[in-house]
Amino acid sequence: MQLPIYMDCHSTTPVDARVLGAMLPYFNADFGNAASRTHSFGWAAEAAVDRAREQVAALLGATAREIVFTSGATESNALALRGAAAVLRARGDHLVTTAIEHKAVLDTCRQLAREGFRLTIVPVGADGIVDAAAIGKAIEPGTILVSVMAANNEIGTLQPLAAIGALCRARGVLFHTDAAQAVGKIPLAVEALGIDLLSCSAHKLYGPKGVGALYLRRRVRIDPQTQGGGQERGLRSGTLNVPGIVGLGSACAIAAAEMPVEAPRLQALRDRLWSGIRAALPDVIVNGSMRDRLPHNLNVSFAGVQGESLLMMMNDVAVSPGAACDSANAEPSHVARAIGVPDDLARSSLRFGLGRFTTEAEVDYAIRKVVQSVERLRRESPLYASPSSGSGEDT
Ligand SMILES: *Cc1c(COP(=O)(O)O)cnc(C)c1O
């Protein structure tokens, strides 16, 4: 086992060696511009992009014509939300989203609200799941679009996409989902789920950074947000990132092939991590539903410890604060607030994101490391007296 151990796969994942191998020829051998129609360099690049488009579509249960390549989920979200809002402005001015969306969705919606749209942010339950009926209630005659993420990036909770998709379809409202954390990790079929627009990102599924896709259901119209060469059927101008797109396609094909074995393997490792921690430490609280959750996510609060001190002691296990905006910011995240985690518990939480290269030995090391660190910080803390230790009141 090599240190440090990487357990932060919701932030990003390493490029799979097979993905890298697929990409390499497109940097310098087949380096053509996919829009060059007059020579074989361009044709080779275009063929590679076409193949990747098929691979992305296959993973989502879509058709190749419904895939638009972008620079990542942030851009896909912006293109979906702003593009749909612009087209539908004459029909309505109301958008619906949830309180636990990634900032790329929440802040785009808030910006649209500053530009004159009305916005309803639907709260979620303490389990980190939005009630489909609450989305239904938020939809009004002027509603044009609902955006609900597939899986949350902090607490891993899975949202009831099929129920929301059915509601949206019945009410004639577009349904967008930010699926950056879910694509390649859990089965997602856009038709069955009633999804009109879906955002994903290669670097969350063992592909390269800086490339992603937007699934755009046939006959759904959006306005392009950039003008230029007219690539991607005019929806996203700009020279295609051919190696990146090849990487995304390859990552999707591998994820599709391996998901049936990989998802249960990761869930078993995650459950091992959680039982190991829970068996050794009192006063640990899991954030978000343990049932409707990504198989590789664990987000836990350790009562009585400072998250920053804990992260510092976990120096050779790379994890993220579970509910702080970022490592440098002790403010509880909007997700922690939305599910009602008290600020002190939010500040004491860690997010574990296991991945394709996580081993059982690494999980066991992480358990030992977190248990030792929490025990030591609690011993040193004048504020921590375990309720379950029976030692009486806090002083
Ligand atoms: C990572 C992430 C994004 C941003 O994706 P980029 O490709 O890095 O722009 C958006 N939404 C969610 C849920 C994410 O996890």
# chains A, B, ... in the order shown; residues from 1 in each chain; ligands from 1
call {"tool": "residues_around", "arguments": {"residues": "stretch 69-72 of chain A", "least_positions_apart": "5", "cutoff": "7 Å", "atoms": "only C-alpha atoms", "output": "list in words"}}
result
Cys200, Ser201, Gly210, Val211, Gly212, Ala213 and Leu214 of chain A
call {"tool": "residues_near_ligand", "arguments": {"ligand": "ligand 1", "cutoff": "6 Å", "atoms": "only C-alpha atoms and all ligand atoms", "output": "ChimeraX atom specification"}}
result
/A:72-74,102,104,152-153,178,180-181,201
call {"tool": "select_by_dssp", "arguments": {"residues": "stretch 3-96 of chain A", "states": "strand (DSSP E)", "output": "list in words"}}
result
Ile5, Tyr6, Ile67, Val68, Phe69, Thr70, His94, Leu95 and Val96 of chain A
call {"tool": "closest_residue", "arguments": {"among": "A:Glu232, A:Asp16, A:Asp107, A:Asp131", "to": "A:Ala64", "atoms": "only C-alpha atoms"}}
result
A:Glu232
call {"tool": "closest_residue", "arguments": {"among": "A:Lys185, A:Arg233, A:His39, A:Lys103", "to": "A:Leu216", "atoms": "only C-alpha atoms"}}
result
A:Arg233
call {"tool": "closest_residue", "arguments": {"among": "A:Glu46, A:Asp223, A:Glu101, A:Glu66", "to": "A:Leu81", "atoms": "only C-alpha atoms"}}
result
A:Asp223
call {"tool": "residues_around", "arguments": {"residues": "A:Asp127", "least_positions_apart": "6", "cutoff": "12 Å", "atoms": "only C-alpha atoms", "output": "list in words"}}
result
Ile100, Asn152, Ile155, Gly156, Thr157, Leu158, Gln159, Val286, Asn287, Gly288, Ser289, Met290, Arg291, Asp292, Arg293, Val335, Ala336, Ala338, Ile339, Gly340 and Val341 of chain A
call {"tool": "select_by_dssp", "arguments": {"residues": "stretch 61-252 of chain A", "states": "alpha helix (DSSP H)", "output": "number ranges by chain"}}
result
A: 73-88, 103-114, 132-138, 161-171, 190-193, 242-252
call {"tool": "residues_around", "arguments": {"residues": "A:Ser36", "least_positions_apart": "5", "cutoff": "12 Å", "atoms": "only C-alpha atoms", "output": "PDB file with N, CA, C and O atoms, in the first residue's frame"}}
result
ATOM      1  N   PHE A  31      -4.004  14.520 -34.803  1.00  0.00           N
ATOM      2  CA  PHE A  31      -4.219  15.781 -34.081  1.00  0.00           C
ATOM      3  C   PHE A  31      -5.182  16.724 -34.792  1.00  0.00           C
ATOM      4  O   PHE A  31      -5.350  17.872 -34.410  1.00  0.00           O
ATOM      5  N   PHE A  41      -6.621  14.192 -41.780  1.00  0.00           N
ATOM      6  CA  PHE A  41      -6.378  14.537 -40.379  1.00  0.00           C
ATOM      7  C   PHE A  41      -7.709  14.920 -39.705  1.00  0.00           C
ATOM      8  O   PHE A  41      -8.019  14.494 -38.604  1.00  0.00           O
ATOM      9  N   GLY A  42      -8.463  15.734 -40.420  1.00  0.00           N
ATOM     10  CA  GLY A  42      -9.772  16.142 -39.904  1.00  0.00           C
ATOM     11  C   GLY A  42     -10.734  14.970 -39.823  1.00  0.00           C
ATOM     12  O   GLY A  42     -11.459  14.828 -38.828  1.00  0.00           O
ATOM     13  N   TRP A  43     -10.697  14.107 -40.848  1.00  0.00           N
ATOM     14  CA  TRP A  43     -11.641  12.984 -40.850  1.00  0.00           C
ATOM     15  C   TRP A  43     -11.371  12.040 -39.680  1.00  0.00           C
ATOM     16  O   TRP A  43     -12.304  11.534 -39.055  1.00  0.00           O
ATOM     17  N   ALA A  44     -10.077  11.824 -39.387  1.00  0.00           N
ATOM     18  CA  ALA A  44      -9.727  10.914 -38.281  1.00  0.00           C
ATOM     19  C   ALA A  44     -10.237  11.486 -36.956  1.00  0.00           C
ATOM     20  O   ALA A  44     -10.778  10.762 -36.105  1.00  0.00           O
ATOM     21  N   ALA A  45     -10.063  12.786 -36.801  1.00  0.00           N
ATOM     22  CA  ALA A  45     -10.528  13.425 -35.561  1.00  0.00           C
ATOM     23  C   ALA A  45     -12.052  13.354 -35.472  1.00  0.00           C
ATOM     24  O   ALA A  45     -12.613  13.046 -34.407  1.00  0.00           O
ATOM     25  N   GLU A  46     -12.702  13.603 -36.595  1.00  0.00           N
ATOM     26  CA  GLU A  46     -14.171  13.577 -36.593  1.00  0.00           C
ATOM     27  C   GLU A  46     -14.687  12.171 -36.275  1.00  0.00           C
ATOM     28  O   GLU A  46     -15.650  12.009 -35.515  1.00  0.00           O
ATOM     29  N   ALA A  47     -14.026  11.168 -36.841  1.00  0.00           N
ATOM     30  CA  ALA A  47     -14.452   9.786 -36.573  1.00  0.00           C
ATOM     31  C   ALA A  47     -14.298   9.459 -35.088  1.00  0.00           C
ATOM     32  O   ALA A  47     -15.148   8.789 -34.496  1.00  0.00           O
ATOM     33  N   GLY A 229     -17.681  29.278 -34.532  1.00  0.00           N
ATOM     34  CA  GLY A 229     -17.549  28.325 -35.629  1.00  0.00           C
ATOM     35  C   GLY A 229     -18.748  27.432 -35.867  1.00  0.00           C
ATOM     36  O   GLY A 229     -18.763  26.689 -36.845  1.00  0.00           O
ATOM     37  N   GLN A 231     -19.757  24.805 -34.165  1.00  0.00           N
ATOM     38  CA  GLN A 231     -19.599  23.382 -33.836  1.00  0.00           C
ATOM     39  C   GLN A 231     -20.776  22.900 -32.985  1.00  0.00           C
ATOM     40  O   GLN A 231     -21.529  23.691 -32.433  1.00  0.00           O
ATOM     41  N   THR A 239     -13.446  25.041 -31.164  1.00  0.00           N
ATOM     42  CA  THR A 239     -12.777  23.836 -31.666  1.00  0.00           C
ATOM     43  C   THR A 239     -12.908  22.711 -30.651  1.00  0.00           C
ATOM     44  O   THR A 239     -12.659  22.913 -29.465  1.00  0.00           O
ATOM     45  N   LEU A 240     -13.313  21.544 -31.116  1.00  0.00           N
ATOM     46  CA  LEU A 240     -13.535  20.435 -30.194  1.00  0.00           C
ATOM     47  C   LEU A 240     -12.223  19.970 -29.570  1.00  0.00           C
ATOM     48  O   LEU A 240     -11.206  19.869 -30.248  1.00  0.00           O
TER      49      LEU A 240
END
call {"tool": "atom_distance", "arguments": {"atom1": "atom CA of A:Leu350", "atom2": "atom CA of A:Arg379"}}
result
19.2 Å
call {"tool": "residues_around", "arguments": {"residues": "A:Arg351", "least_positions_apart": "4", "cutoff": "8 Å", "atoms": "only C-alpha atoms", "output": "ChimeraX atom specification"}}
result
/A:8,154-155,297-300,319-323
call {"tool": "residues_around", "arguments": {"residues": "A:Leu377", "least_positions_apart": "6", "cutoff": "8 Å", "atoms": "only C-alpha atoms", "output": "list in words"}}
result
Val305, Ser309 and Leu310 of chain A
call {"tool": "write_last_selection", "arguments": {"atoms": "all heavy atoms", "output": "compact mmCIF listing (two decimals), in the first residue's frame"}}
result
# COMPACT_ATOMS: atom_id res chain seq x y z
N VAL A 305 -14.94 17.17 17.72
CA VAL A 305 -13.63 17.48 17.13
C VAL A 305 -13.77 18.58 16.09
O VAL A 305 -14.83 18.76 15.49
CB VAL A 305 -12.95 16.24 16.49
CG1 VAL A 305 -12.89 15.08 17.45
CG2 VAL A 305 -13.67 15.83 15.21
N SER A 309 -8.64 20.35 12.45
CA SER A 309 -7.60 19.60 13.17
C SER A 309 -7.61 18.15 12.71
O SER A 309 -6.56 17.54 12.55
CB SER A 309 -7.85 19.65 14.68
OG SER A 309 -8.37 20.89 15.06
N LEU A 310 -8.81 17.62 12.50
CA LEU A 310 -8.93 16.23 12.06
C LEU A 310 -8.28 16.05 10.69
O LEU A 310 -7.51 15.11 10.47
CB LEU A 310 -10.42 15.85 12.03
CG LEU A 310 -10.76 14.41 11.69
CD1 LEU A 310 -10.00 13.42 12.56
CD2 LEU A 310 -12.28 14.18 11.85
call {"tool": "residues_around", "arguments": {"residues": "A:Gly61", "least_positions_apart": "4", "cutoff": "10 Å", "atoms": "only C-alpha atoms", "output": "ChimeraX atom specification"}}
result
/A:55-57,187-192
call {"tool": "atom_distance", "arguments": {"atom1": "atom CA of A:Ala133", "atom2": "atom CA of A:Thr98"}}
result
12.7 Å
call {"tool": "closest_residue", "arguments": {"among": "A:Phe352, A:Tyr26, A:Phe357, A:Tyr384", "to": "A:Asp271", "atoms": "only C-alpha atoms"}}
result
A:Phe352
call {"tool": "closest_residue", "arguments": {"among": "A:Thr120, A:Ser301, A:Thr143, A:Ser333", "to": "A:Leu88", "atoms": "only C-alpha atoms"}}
result
A:Thr143
call {"tool": "closest_residue", "arguments": {"among": "A:Val105, A:Ala257, A:Val146, A:Val246", "to": "A:Glu75", "atoms": "only C-alpha atoms"}}
result
A:Val105
